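Here is protein-v3.pdb, consisting of PDB, C-alpha atoms:
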```
ATOM      1  CA  ASP A1330      -7.213  20.268  13.038  1.00  0.00           C
ATOM      2  CA  GLU A1331      -7.739  17.535  15.636  1.00  0.00           C
ATOM      3  CA  ALA A1332     -11.502  18.034  15.540  1.00  0.00           C
ATOM      4  CA  LEU A1333     -11.539  17.997  11.755  1.00  0.00           C
ATOM      5  CA  MET A1334      -9.407  14.843  11.660  1.00  0.00           C
ATOM      6  CA  GLY A1335     -11.814  13.193  14.094  1.00  0.00           C
ATOM      7  CA  ILE A1336     -14.795  14.098  11.938  1.00  0.00           C
ATOM      8  CA  GLY A1337     -12.996  12.965   8.792  1.00  0.00           C
ATOM      9  CA  ASN A1338     -12.086   9.648  10.387  1.00  0.00           C
ATOM     10  CA  ILE A1339     -15.705   9.085  11.388  1.00  0.00           C
ATOM     11  CA  TYR A1340     -16.771   9.628   7.778  1.00  0.00           C
ATOM     12  CA  LEU A1341     -13.962   7.349   6.627  1.00  0.00           C
ATOM     13  CA  GLU A1342     -15.019   4.582   9.017  1.00  0.00           C
ATOM     14  CA  SER A1343     -18.614   4.874   7.826  1.00  0.00           C
ATOM     15  CA  LYS A1344     -17.351   4.656   4.222  1.00  0.00           C
ATOM     16  CA  ASP A1345     -18.602   8.114   3.274  1.00  0.00           C
ATOM     17  CA  TYR A1346     -15.417   8.736   1.316  1.00  0.00           C
ATOM     18  CA  ALA A1347     -16.557  11.932  -0.403  1.00  0.00           C
ATOM     19  CA  ALA A1348     -17.416  13.621   2.909  1.00  0.00           C
ATOM     20  CA  ALA A1349     -14.225  12.320   4.529  1.00  0.00           C
ATOM     21  CA  SER A1350     -12.116  13.602   1.655  1.00  0.00           C
ATOM     22  CA  ARG A1351     -13.714  17.060   1.884  1.00  0.00           C
ATOM     23  CA  ILE A1352     -12.954  17.242   5.608  1.00  0.00           C
ATOM     24  CA  PHE A1353      -9.348  16.149   5.081  1.00  0.00           C
ATOM     25  CA  GLN A1354      -8.988  18.748   2.312  1.00  0.00           C
ATOM     26  CA  ASN A1355     -10.046  21.362   4.871  1.00  0.00           C
ATOM     27  CA  VAL A1356      -7.212  20.233   7.143  1.00  0.00           C
ATOM     28  CA  LEU A1357      -4.761  20.708   4.264  1.00  0.00           C
ATOM     29  CA  ARG A1358      -6.013  24.284   3.837  1.00  0.00           C
ATOM     30  CA  LEU A1359      -5.272  25.205   7.450  1.00  0.00           C
ATOM     31  CA  PRO A1360      -2.257  27.538   7.640  1.00  0.00           C
ATOM     32  CA  LYS A1361      -0.708  25.728  10.606  1.00  0.00           C
ATOM     33  CA  SER A1362      -1.526  22.113  11.242  1.00  0.00           C
ATOM     34  CA  HIS A1363       0.480  19.146  12.408  1.00  0.00           C
ATOM     35  CA  ALA A1364      -2.070  16.794  10.869  1.00  0.00           C
ATOM     36  CA  LYS A1365      -1.488  17.646   7.209  1.00  0.00           C
ATOM     37  CA  ALA A1366       0.537  14.521   6.446  1.00  0.00           C
ATOM     38  CA  GLU A1367      -2.146  12.291   7.911  1.00  0.00           C
ATOM     39  CA  ALA A1368      -4.867  14.253   6.119  1.00  0.00           C
ATOM     40  CA  GLN A1369      -3.100  13.763   2.780  1.00  0.00           C
ATOM     41  CA  TYR A1370      -2.691  10.055   3.507  1.00  0.00           C
ATOM     42  CA  ARG A1371      -6.382   9.736   4.386  1.00  0.00           C
ATOM     43  CA  ILE A1372      -7.317  11.506   1.135  1.00  0.00           C
ATOM     44  CA  ALA A1373      -5.267   8.879  -0.683  1.00  0.00           C
ATOM     45  CA  GLU A1374      -7.109   6.140   1.221  1.00  0.00           C
ATOM     46  CA  CYS A1375     -10.449   7.659   0.222  1.00  0.00           C
ATOM     47  CA  SER A1376      -9.306   7.834  -3.365  1.00  0.00           C
ATOM     48  CA  GLU A1377      -8.151   4.213  -3.235  1.00  0.00           C
ATOM     49  CA  ALA A1378     -11.465   3.070  -1.750  1.00  0.00           C
ATOM     50  CA  THR A1379     -13.412   4.701  -4.574  1.00  0.00           C
ATOM     51  CA  ALA A1380     -10.912   4.058  -7.372  1.00  0.00           C
ATOM     52  CA  GLY A1381     -12.410   0.920  -8.842  1.00  0.00           C
ATOM     53  CA  ASN A1382     -10.353   0.279 -11.962  1.00  0.00           C
ATOM     54  CA  ASN A1383      -8.687   3.699 -11.767  1.00  0.00           C
ATOM     55  CA  ALA A1384      -6.090   3.249  -9.036  1.00  0.00           C
ATOM     56  CA  GLU A1385      -3.770   5.831 -10.616  1.00  0.00           C
ATOM     57  CA  ALA A1386      -5.600   8.673  -8.853  1.00  0.00           C
ATOM     58  CA  ALA A1387      -4.977   7.083  -5.471  1.00  0.00           C
ATOM     59  CA  ILE A1388      -1.345   6.418  -6.361  1.00  0.00           C
ATOM     60  CA  ARG A1389      -0.905  10.104  -7.241  1.00  0.00           C
ATOM     61  CA  GLN A1390      -2.295  11.012  -3.809  1.00  0.00           C
ATOM     62  CA  TYR A1391       0.059   8.589  -2.045  1.00  0.00           C
ATOM     63  CA  ARG A1392       3.025   9.970  -4.002  1.00  0.00           C
ATOM     64  CA  LEU A1393       1.951  13.502  -3.072  1.00  0.00           C
ATOM     65  CA  CYS A1394       1.883  12.520   0.593  1.00  0.00           C
ATOM     66  CA  ALA A1395       5.423  11.113   0.435  1.00  0.00           C
ATOM     67  CA  GLN A1396       6.733  14.104  -1.516  1.00  0.00           C
ATOM     68  CA  GLN A1397       5.140  16.841   0.569  1.00  0.00           C
ATOM     69  CA  TYR A1398       5.639  15.216   3.969  1.00  0.00           C
ATOM     70  CA  PRO A1399       8.824  13.139   3.639  1.00  0.00           C
ATOM     71  CA  ASP A1400       9.606  13.238   7.362  1.00  0.00           C
ATOM     72  CA  SER A1401       6.197  12.014   8.473  1.00  0.00           C
ATOM     73  CA  PRO A1402       5.404   8.414   9.345  1.00  0.00           C
ATOM     74  CA  PHE A1403       2.925   8.493   6.465  1.00  0.00           C
ATOM     75  CA  ALA A1404       5.696   8.855   3.862  1.00  0.00           C
ATOM     76  CA  GLY A1405       6.799   5.253   4.299  1.00  0.00           C
ATOM     77  CA  GLN A1406       3.241   3.956   4.286  1.00  0.00           C
ATOM     78  CA  SER A1407       2.514   5.937   1.131  1.00  0.00           C
ATOM     79  CA  LEU A1408       5.601   4.699  -0.687  1.00  0.00           C
ATOM     80  CA  SER A1409       4.743   1.160   0.333  1.00  0.00           C
ATOM     81  CA  LYS A1410       1.332   1.552  -1.297  1.00  0.00           C
ATOM     82  CA  VAL A1411       2.944   2.834  -4.508  1.00  0.00           C
ATOM     83  CA  VAL A1412       5.380  -0.088  -4.636  1.00  0.00           C
ATOM     84  CA  ASP A1413       2.497  -2.504  -4.022  1.00  0.00           C
ATOM     85  CA  TYR A1414       0.609  -0.926  -6.915  1.00  0.00           C
ATOM     86  CA  TYR A1415       3.558  -1.417  -9.263  1.00  0.00           C
ATOM     87  CA  VAL A1416       3.896  -5.033  -8.163  1.00  0.00           C
ATOM     88  CA  THR A1417       0.172  -5.636  -8.639  1.00  0.00           C
ATOM     89  CA  THR A1418       0.316  -4.177 -12.142  1.00  0.00           C
ATOM     90  CA  LYS A1419       3.511  -6.187 -12.795  1.00  0.00           C
ATOM     91  CA  ASP A1420       5.472  -3.004 -13.474  1.00  0.00           C
ATOM     92  CA  TYR A1421       8.533  -4.381 -11.742  1.00  0.00           C
ATOM     93  CA  ALA A1422      10.905  -1.908 -13.387  1.00  0.00           C
ATOM     94  CA  GLN A1423       9.001   1.031 -11.842  1.00  0.00           C
ATOM     95  CA  ALA A1424       8.829  -0.760  -8.491  1.00  0.00           C
ATOM     96  CA  ASN A1425      12.572  -1.393  -8.593  1.00  0.00           C
ATOM     97  CA  ASP A1426      13.328   2.235  -9.503  1.00  0.00           C
ATOM     98  CA  LEU A1427      11.114   3.504  -6.687  1.00  0.00           C
ATOM     99  CA  LEU A1428      12.744   1.160  -4.178  1.00  0.00           C
ATOM    100  CA  GLU A1429      16.192   2.391  -5.199  1.00  0.00           C
ATOM    101  CA  GLN A1430      14.984   5.974  -4.748  1.00  0.00           C
ATOM    102  CA  VAL A1431      13.467   5.180  -1.351  1.00  0.00           C
ATOM    103  CA  PHE A1432      16.800   3.888  -0.051  1.00  0.00           C
ATOM    104  CA  GLN A1433      18.564   6.999  -1.337  1.00  0.00           C
ATOM    105  CA  ASP A1434      16.002   9.463   0.007  1.00  0.00           C
ATOM    106  CA  TYR A1435      15.258   7.764   3.348  1.00  0.00           C
ATOM    107  CA  PRO A1436      18.524   6.133   4.509  1.00  0.00           C
ATOM    108  CA  ASP A1437      17.310   6.079   8.115  1.00  0.00           C
ATOM    109  CA  GLY A1438      13.631   5.397   7.460  1.00  0.00           C
ATOM    110  CA  ALA A1439      11.837   3.307  10.052  1.00  0.00           C
ATOM    111  CA  PHE A1440      10.098   1.433   7.247  1.00  0.00           C
ATOM    112  CA  LEU A1441      13.168   0.204   5.356  1.00  0.00           C
ATOM    113  CA  ASP A1442      12.850  -3.362   6.608  1.00  0.00           C
ATOM    114  CA  ARG A1443       9.429  -3.598   4.974  1.00  0.00           C
ATOM    115  CA  MET A1444      10.817  -2.023   1.808  1.00  0.00           C
ATOM    116  CA  LEU A1445      13.658  -4.545   1.710  1.00  0.00           C
ATOM    117  CA  LEU A1446      11.151  -7.386   1.777  1.00  0.00           C
ATOM    118  CA  LYS A1447       9.276  -5.750  -1.093  1.00  0.00           C
ATOM    119  CA  TRP A1448      12.577  -5.418  -2.951  1.00  0.00           C
ATOM    120  CA  VAL A1449      13.215  -9.144  -2.477  1.00  0.00           C
ATOM    121  CA  MET A1450       9.884  -9.899  -4.126  1.00  0.00           C
ATOM    122  CA  VAL A1451      10.416  -7.429  -6.974  1.00  0.00           C
ATOM    123  CA  ALA A1452      13.875  -8.818  -7.718  1.00  0.00           C
ATOM    124  CA  TYR A1453      12.532 -12.374  -7.603  1.00  0.00           C
ATOM    125  CA  TYR A1454       9.700 -11.559 -10.009  1.00  0.00           C
ATOM    126  CA  ARG A1455      12.213  -9.921 -12.335  1.00  0.00           C
ATOM    127  CA  GLY A1456      14.332 -13.058 -12.301  1.00  0.00           C
ATOM    128  CA  GLU A1457      17.139 -11.251 -10.473  1.00  0.00           C
ATOM    129  CA  TYR A1458      17.704 -14.035  -7.978  1.00  0.00           C
ATOM    130  CA  GLN A1459      21.102 -12.835  -6.792  1.00  0.00           C
ATOM    131  CA  VAL A1460      19.647  -9.417  -5.963  1.00  0.00           C
ATOM    132  CA  ALA A1461      16.721 -11.092  -4.173  1.00  0.00           C
ATOM    133  CA  HIS A1462      19.168 -13.229  -2.197  1.00  0.00           C
ATOM    134  CA  ASP A1463      21.326 -10.227  -1.321  1.00  0.00           C
ATOM    135  CA  LYS A1464      18.337  -8.162  -0.174  1.00  0.00           C
ATOM    136  CA  CYS A1465      17.169 -11.063   2.021  1.00  0.00           C
ATOM    137  CA  LYS A1466      20.601 -11.244   3.618  1.00  0.00           C
ATOM    138  CA  GLN A1467      20.616  -7.464   4.079  1.00  0.00           C
ATOM    139  CA  LEU A1468      17.219  -7.544   5.784  1.00  0.00           C
ATOM    140  CA  ILE A1469      18.314 -10.354   8.113  1.00  0.00           C
ATOM    141  CA  PHE A1470      21.629  -8.672   8.937  1.00  0.00           C
ATOM    142  CA  ASP A1471      20.478  -5.041   9.207  1.00  0.00           C
ATOM    143  CA  TYR A1472      17.116  -5.733  10.881  1.00  0.00           C
ATOM    144  CA  PRO A1473      17.458  -8.988  12.856  1.00  0.00           C
ATOM    145  CA  SER A1474      14.554  -8.125  15.177  1.00  0.00           C
ATOM    146  CA  SER A1475      12.252  -7.012  12.357  1.00  0.00           C
ATOM    147  CA  GLN A1476       8.916  -8.734  11.970  1.00  0.00           C
ATOM    148  CA  TYR A1477      10.021  -9.435   8.382  1.00  0.00           C
ATOM    149  CA  ALA A1478      13.331 -11.151   9.260  1.00  0.00           C
ATOM    150  CA  GLU A1479      11.749 -14.574   9.670  1.00  0.00           C
ATOM    151  CA  THR A1480      10.005 -14.246   6.309  1.00  0.00           C
ATOM    152  CA  ALA A1481      13.329 -13.287   4.747  1.00  0.00           C
ATOM    153  CA  LYS A1482      14.938 -16.405   6.237  1.00  0.00           C
ATOM    154  CA  GLN A1483      12.229 -18.554   4.660  1.00  0.00           C
ATOM    155  CA  LEU A1484      12.491 -16.790   1.313  1.00  0.00           C
ATOM    156  CA  ILE A1485      16.260 -17.097   1.157  1.00  0.00           C
ATOM    157  CA  GLU A1486      15.876 -20.887   1.276  1.00  0.00           C
ATOM    158  CA  LYS A1487      13.479 -20.729  -1.674  1.00  0.00           C
ATOM    159  CA  ILE A1488      15.838 -18.462  -3.612  1.00  0.00           C
ATOM    160  CA  LYS A1489      18.953 -20.599  -3.131  1.00  0.00           C
ATOM    161  CA  PRO A1490      17.883 -23.295  -5.639  1.00  0.00           C
ATOM    162  CA  ARG A1491      17.443 -20.576  -8.265  1.00  0.00           C
ATOM    163  CA  LEU A1492      21.084 -19.664  -7.697  1.00  0.00           C
ATOM    164  CA  GLY A1493      22.227 -23.257  -7.965  1.00  0.00           C
ATOM    165  CA  GLN A1494      22.989 -23.510  -4.254  1.00  0.00           C
TER     166      GLN A1494
END
```

Structure encoded using structure tokens:
Amino acid sequence: DEALMGIGNIYLESKDYAAASRIFQNVLRLPKSHAKAEAQYRIAECSEATAGNNAEAAIRQYRLCAQQYPDSPFAGQSLSKVVDYYVTTKDYAQANDLLEQVFQDYPDGAFLDRMLLKWVMVAYYRGEYQVAHDKCKQLIFDYPSSQYAETAKQLIEKIKPRLGQ
């Protein structure tokens, strides 16, 4: 699987997405491989790179990665991509629902600080300023050393006027 992943990554770097995807599919077919989560994630990246106006196919691949390999580091990255897609398409209700599910399914996820920042933005776009404020405070309190904490501090100051503070 390591050799196949190396070959697939070479194709991916050279933007031969069809060849890369085929190689990563071969990794998924291996009976025992520790690289399956990464292979599924790379398939999603290939799909995203070739999606054009049809990003739904890539989003399905990212969801599949998170569902089939929930304990892998690629689950958080995949879910982040799905949330970003919903925000880009202004489907804030779906983004909000997915974020709620993420915090239920991954209570100890290493990526929750990033998800909290996304939740701040989703709540803000939905006009739910109190929720946005609360999520900022949660990010700052729960993850004070996070790379996103400083951004949350800046955002909270922009949210306060919306709350009449």

Out of A:Met1334, A:Val1451, A:Ile1372, A:Ile1339, which residue has the shortest atom-to-atom distance to A:Asp1420 when counting all atoms listed in the file?
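Of all the options, A:Val1451 lies closest to A:Asp1420.
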
Using atom CA of A:Ala1380 and atom CA of A:Ala1395 as the two end points, give the distance in Å to one decimal.
19.4 Å

Two-atom distance - atom CA of A:Ala1347, atom CA of A:Ala1373 (Å):
11.7 Å

Explicit residue set for the PyMOL selection byres ((chain A and resi 1492) around 12), as a list in words
Tyr1453, Gly1456, Glu1457, Tyr1458, Gln1459, Val1460, Ala1461, His1462, Asp1463, Ile1485, Glu1486, Lys1487, Ile1488, Lys1489, Pro1490, Arg1491, Gly1493 and Gln1494 of chain A

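Candidate residues A:Asp1330, A:Val1416, A:Arg1455, A:Gly1405 were compared for distance to A:Val1431, and the nearest is A:Gly1405, using all atoms listed in the file.
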
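The gap separating atom CA of A:Leu1341 from atom CA of A:Cys1375 is 7.3 Å, in Å to one decimal.
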
Selection near A:Ala1481, 8 Å with only C-alpha atoms, sequence-local residues under 3 positions removed, as a ChimeraX atom specification
/A:1446,1465-1466,1468-1469,1477-1478,1484-1485

Could you pull out every residue with an atom within 12 Å of (14.8, -0.6, 4.3), file coordinates, counting all atoms listed in the file, and send them as a PyMOL selection string?
chain A and resi 1405+1408-1409+1428-1449+1464-1465+1467-1472+1475+1477-1478

Take the residues from that selection and write them out as a compact mmCIF listing (two decimals), in the coordinates of the input, keeping C-alpha atoms.
```txt
# COMPACT_ATOMS: atom_id res chain seq x y z
CA GLY A 1405 6.80 5.25 4.30
CA LEU A 1408 5.60 4.70 -0.69
CA SER A 1409 4.74 1.16 0.33
CA LEU A 1428 12.74 1.16 -4.18
CA GLU A 1429 16.19 2.39 -5.20
CA GLN A 1430 14.98 5.97 -4.75
CA VAL A 1431 13.47 5.18 -1.35
CA PHE A 1432 16.80 3.89 -0.05
CA GLN A 1433 18.56 7.00 -1.34
CA ASP A 1434 16.00 9.46 0.01
CA TYR A 1435 15.26 7.76 3.35
CA PRO A 1436 18.52 6.13 4.51
CA ASP A 1437 17.31 6.08 8.12
CA GLY A 1438 13.63 5.40 7.46
CA ALA A 1439 11.84 3.31 10.05
CA PHE A 1440 10.10 1.43 7.25
CA LEU A 1441 13.17 0.20 5.36
CA ASP A 1442 12.85 -3.36 6.61
CA ARG A 1443 9.43 -3.60 4.97
CA MET A 1444 10.82 -2.02 1.81
CA LEU A 1445 13.66 -4.54 1.71
CA LEU A 1446 11.15 -7.39 1.78
CA LYS A 1447 9.28 -5.75 -1.09
CA TRP A 1448 12.58 -5.42 -2.95
CA VAL A 1449 13.22 -9.14 -2.48
CA LYS A 1464 18.34 -8.16 -0.17
CA CYS A 1465 17.17 -11.06 2.02
CA GLN A 1467 20.62 -7.46 4.08
CA LEU A 1468 17.22 -7.54 5.78
CA ILE A 1469 18.31 -10.35 8.11
CA PHE A 1470 21.63 -8.67 8.94
CA ASP A 1471 20.48 -5.04 9.21
CA TYR A 1472 17.12 -5.73 10.88
CA SER A 1475 12.25 -7.01 12.36
CA TYR A 1477 10.02 -9.44 8.38
CA ALA A 1478 13.33 -11.15 9.26
```

In terms of the shortest atom-to-atom distance over only C-alpha atoms, which of A:Ala1452, A:Leu1359, A:Ala1368, A:Leu1427 is closest to A:Ile1336?
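Comparing A:Ala1452, A:Leu1359, A:Ala1368, A:Leu1427 against A:Ile1336, the winner is A:Ala1368.
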
Nearest to A:Gln1397, chosen from A:Glu1367, A:Thr1418, A:Gln1476, A:Val1356, with only C-alpha atoms counted in the distances
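Counting only C-alpha atoms, the residue closest to A:Gln1397 is A:Glu1367.
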
Going by the chain IDs and residue numbers used in this file, which residues fall under the PyMOL selection byres ((chain A and resi 1357) around 12)? Write them as a list in words.
Asp1330, Leu1333, Met1334, Ser1350, Arg1351, Ile1352, Phe1353, Gln1354, Asn1355, Val1356, Arg1358, Leu1359, Pro1360, Lys1361, Ser1362, His1363, Ala1364, Lys1365, Ala1366, Glu1367, Ala1368, Gln1369, Tyr1370, Arg1371, Ile1372, Cys1394, Gln1397 and Tyr1398 of chain A

Quick one: everything within 9 Å of A:Val1411, counting all atoms listed in the file, minus sequence neighbours fewer than 5 positions away in the same chain. Send it as a VMD selection string.
chain A and resid 1388 to 1389 1391 to 1392 1406 1416 1424 1427

Write the selection just made, keeping C-alpha atoms, as a PDB file, in the frame of the given file?
```pdb
ATOM      1  CA  ILE A1388      -1.345   6.418  -6.361  1.00  0.00           C
ATOM      2  CA  ARG A1389      -0.905  10.104  -7.241  1.00  0.00           C
ATOM      3  CA  TYR A1391       0.059   8.589  -2.045  1.00  0.00           C
ATOM      4  CA  ARG A1392       3.025   9.970  -4.002  1.00  0.00           C
ATOM      5  CA  GLN A1406       3.241   3.956   4.286  1.00  0.00           C
ATOM      6  CA  VAL A1416       3.896  -5.033  -8.163  1.00  0.00           C
ATOM      7  CA  ALA A1424       8.829  -0.760  -8.491  1.00  0.00           C
ATOM      8  CA  LEU A1427      11.114   3.504  -6.687  1.00  0.00           C
TER       9      LEU A1427
END
```

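Closest to A:Ala1422 among A:Tyr1454, A:Asn1383, A:Gln1390, A:Asp1400 is A:Tyr1454, based on all atoms listed in the file.
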